[in-house]
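The structure under discussion appears below in the form of C-alpha cells.
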Amino acid sequence: MSNERKKLWGGRFKDCKNDPLMDSFSESISFDQRLYEADIIASEAYCKAICKIGIITESECAQIIDGLETILTEWKSKTFVVKPYDEDIHSANERRLGELIGTISGKLHTGRSRNDQVATDMRLWLRIEATAILNHLTELIAVVVRRAESEVDVIMPGYTHLQKAQPIRWSHFLLSNAWLWCKDVERLKQLIERINVLPLGCGAIAGHAFNIDRVFLAEELGFHGMAINSMTAVGDRDFVAEFLFWASLTMLHISRIAEDLIIYSSAEFGFVSVSDSYSTGSSLMPQKKNPDSLELLRGKCGRVFGRMTGFMMTYKGLPSSYNRDLQEDKEPLFDAVDTLSTSLQILAGVLGTLMIFPDKMRQSLSTDMLTTDLADYLVRKDIPFREAHFVCGLVVKLAAEKGLGLHELSINDLQTLHPSFGSDVVDVWNYEKSIELRSAVGGTSESSVNFQIGQMKMWLARLVADKSL
C-alpha cells in the first residue's frame, strides 16, 4: 500500500500523490507529538464510550486499550518510531495501533474526527501544564513572602518616573510585585475552569451519529463541563488565545521586576547583586558581571507577547467550525508554556539567592524625599494642603539656591517662607518616622507591611486548602 493510501484521508485521493514539499509543509508530528499522552488518554476514554454503546465488544475494547498502553510506553521510553506518512500525533498513534492489534484498531475512530480529537487533546494537555505553572507561580510568591518577612527592617528609596520619590521598605517593594502575581494566580485558576470543557463526541462539525454518552466521556476525562454546540467545540480556540494573553500579562509582570532589579544591581545604584548562579560575564571585559537572567526574562516577555499576537492574527479571520489554520495554535502555545514555566522558576531562583545591600540603600535616601512630610507638617498646623504644597516648593527652591539640603536650612530660612515653621520641624527629617506615618492599609509602615505578609500567607494557605494546587 502506498504512503498516500496510508493517510487517514487517503481514499479520496488514491490517484493523486502529494508534493513532498506539501507533506513537509502540512505535517505537525514534528511538534504535536508532545500531545502523545493526552491523545492516548482521550482515545482510551473514547474506546470505553463506544464500547458502552455497542460499537465494539468488551474484548475489542480490552485489545484496543492494551495496544494504546503499549504505545504510551513506547513514547515514554522514546522507542516510538515516527514514520514518514505520520501527519500528526493522531495518525501516528492510530497507525501504530493497527500494527499492534490489526484491523480492530480501525473501529476506534467510529464517530470521531480529528477535529474534536485535537481540541480534546489540547485541552487535556493545557490543563495539566497550566496546573504545573500555577504551582511555579505560587512558589515564586512564597519566596517573596519569606524574603519580605525576614528583611522587613530594610528601607530604601521608592521611585516614581525613575526619580526618587519617598522612602519605603524593601519588603514593600517586593510585595508590590507579589500582589500582581496573586492576581495572575486568580486569573489562571479561572482560565483552567474554562479550559476544562469537553469537545470530544462532537465529531467533525455536526455531532455524533451514534448517540455517544458525552457525560460519561466528561467524567472519564475529568472535565467539569462539555461543549453544547458541536461547531463551537471543534472551532473554539479561545482558551488558547486566553492563555496566551494570560501568559503575556504574567511575563509582563516578570519583566517589570526584572527591569527594577537590573537597575538596582547597576554600579550606580548598588542596592542588590544577582547570584553568580544567575549571572554571566563578558567575553572581552574580565571585570563584568552581567544580570543576564533578568535581561533574558525581560526579553522573553516580548517573545511570549509575539506568540499571542501571531496566533490572534491567525484566529481572527477564520470562518466557523474547524479550519486547518488552527494547526497554528500549537507552536505558539507550546512555546509560551515552556517559556513561562522556565521563567517563573528562574525568577524564583534569582529572588531566593539575591544579595541586598541595606547600607547602600540607606545612603541613597535624601531629605528632599521628605518634602511631602514637610507639607504634612504644615497641614498638621492647620494650613490647607495646596498652600502647604506651594510653600514646600519654595523651600526646595531656596535650598537649591543656597546649595544646601532641605534639613540644612535654618529655622529663620524656613520662617521667611511661612511663619508656621517652628523648632519642631527638625522631627520631619527622619526616614523611619516618615515610613511609619504610612500606617493605613496599603502603606509602607512596619505594621502595614506585616499586615500584607499576613494576608498573603493566609491567601497561600487557602490555595493549598482548597486543593487548587
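Chains: A, B, ... in order of the C-alpha cells. Residues: from 1 per chain. Ligands: from 1, in order shown.
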
Per residue of region 17-106 of chain A within 7 Å of region 115-125 of chain A, record the nearest atom pair and its distance in Å to one decimal, counting only C-alpha atoms, with rows in chain order and ascending residue number, as CSV.
```
residue,atom,partner,partner_atom,distance
A:Leu35,CA,A:Asp121,CA,6.6
A:Ala38,CA,A:Asp121,CA,5.1
A:Asp39,CA,A:Asp121,CA,5.4
A:Ala42,CA,A:Asp121,CA,6.9
```

All strand (DSSP E) residues (DSSP, backbone) inside region 138-254 of chain A, as a PyMOL selection string
chain A and resi 155-160+163-169+197-198+225-226

Select, from A:Leu244, A:Leu221, A:Ile64, A:Leu175, the residue with the minimum atom-to-atom distance to Gly102 (chain A), counting only C-alpha atoms.
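Ranking A:Leu244, A:Leu221, A:Ile64, A:Leu175 by distance to Gly102 (chain A), first place goes to A:Ile64.
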
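Within the 8 Å cut-off around region 431-434 of chain A, using only C-alpha atoms and omitting residues fewer than 3 positions from it on the same chain, the listed residues are Pro167, Leu370, Asp373, Val428, Leu437 and Arg438 of chain A.
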
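Comparing the minimum interatomic distances between Lys289 (chain A) and each of A:Cys301, A:Val449, A:Val274, A:Ile53, counting only C-alpha atoms, we find that A:Val274 sits nearest.
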
Just the alpha helix (DSSP H) stuff from region 274-455 of chain A, please, per backbone DSSP, written as an MDAnalysis selection string.
chainID A and resid 292:315 330:353 358:363 371:379 385:402 411:415 431:437 446:455

Hey, what's within 10 Å of region 190-199 of chain A if we count only C-alpha atoms and toss same-chain stuff fewer than 4 positions away? As an MDAnalysis selection string, please?
chainID A and resid 115:131 134 184:186 203 214:215 217:219 221:240 242:243 246

Distance criterion (only C-alpha atoms): nearest to Asp213 (chain A) out of A:Thr371, A:Gly54, A:Leu378, A:Glu94:
A:Gly54

For Leu252 (chain A), find every residue with an atom within 9 Å (counting only C-alpha atoms), except residues of its own chain fewer than 4 positions away, and show them as a PyMOL selection string.
chain A and resi 247-248+256-257+298+301-302+305

Mind writing the picked residues with N, CA, C and O atoms as a compact mmCIF listing (two decimals), in the first residue's frame?
```
# COMPACT_ATOMS: atom_id res chain seq x y z
N ALA A 247 -0.48 34.52 29.70
CA ALA A 247 0.97 34.33 29.76
C ALA A 247 1.71 35.62 29.46
O ALA A 247 2.72 35.94 30.09
N SER A 248 1.19 36.39 28.51
CA SER A 248 1.83 37.67 28.16
C SER A 248 1.76 38.64 29.33
O SER A 248 2.74 39.33 29.64
N ARG A 256 8.76 43.52 34.53
CA ARG A 256 8.84 44.78 35.27
C ARG A 256 9.76 44.66 36.49
O ARG A 256 10.59 45.54 36.74
N ILE A 257 9.64 43.56 37.24
CA ILE A 257 10.55 43.43 38.39
C ILE A 257 11.97 43.15 37.90
O ILE A 257 12.94 43.60 38.51
N ARG A 298 13.33 39.70 30.85
CA ARG A 298 12.76 40.90 30.24
C ARG A 298 12.56 40.68 28.74
O ARG A 298 11.51 41.04 28.18
N CYS A 301 9.63 38.25 27.62
CA CYS A 301 8.28 38.83 27.66
C CYS A 301 7.84 39.17 26.24
O CYS A 301 6.71 38.88 25.84
N GLY A 302 8.74 39.79 25.47
CA GLY A 302 8.42 40.13 24.08
C GLY A 302 8.17 38.90 23.24
O GLY A 302 7.32 38.89 22.34
N PHE A 305 4.64 37.63 24.11
CA PHE A 305 3.66 38.58 23.56
C PHE A 305 3.56 38.40 22.05
O PHE A 305 2.47 38.44 21.48
```
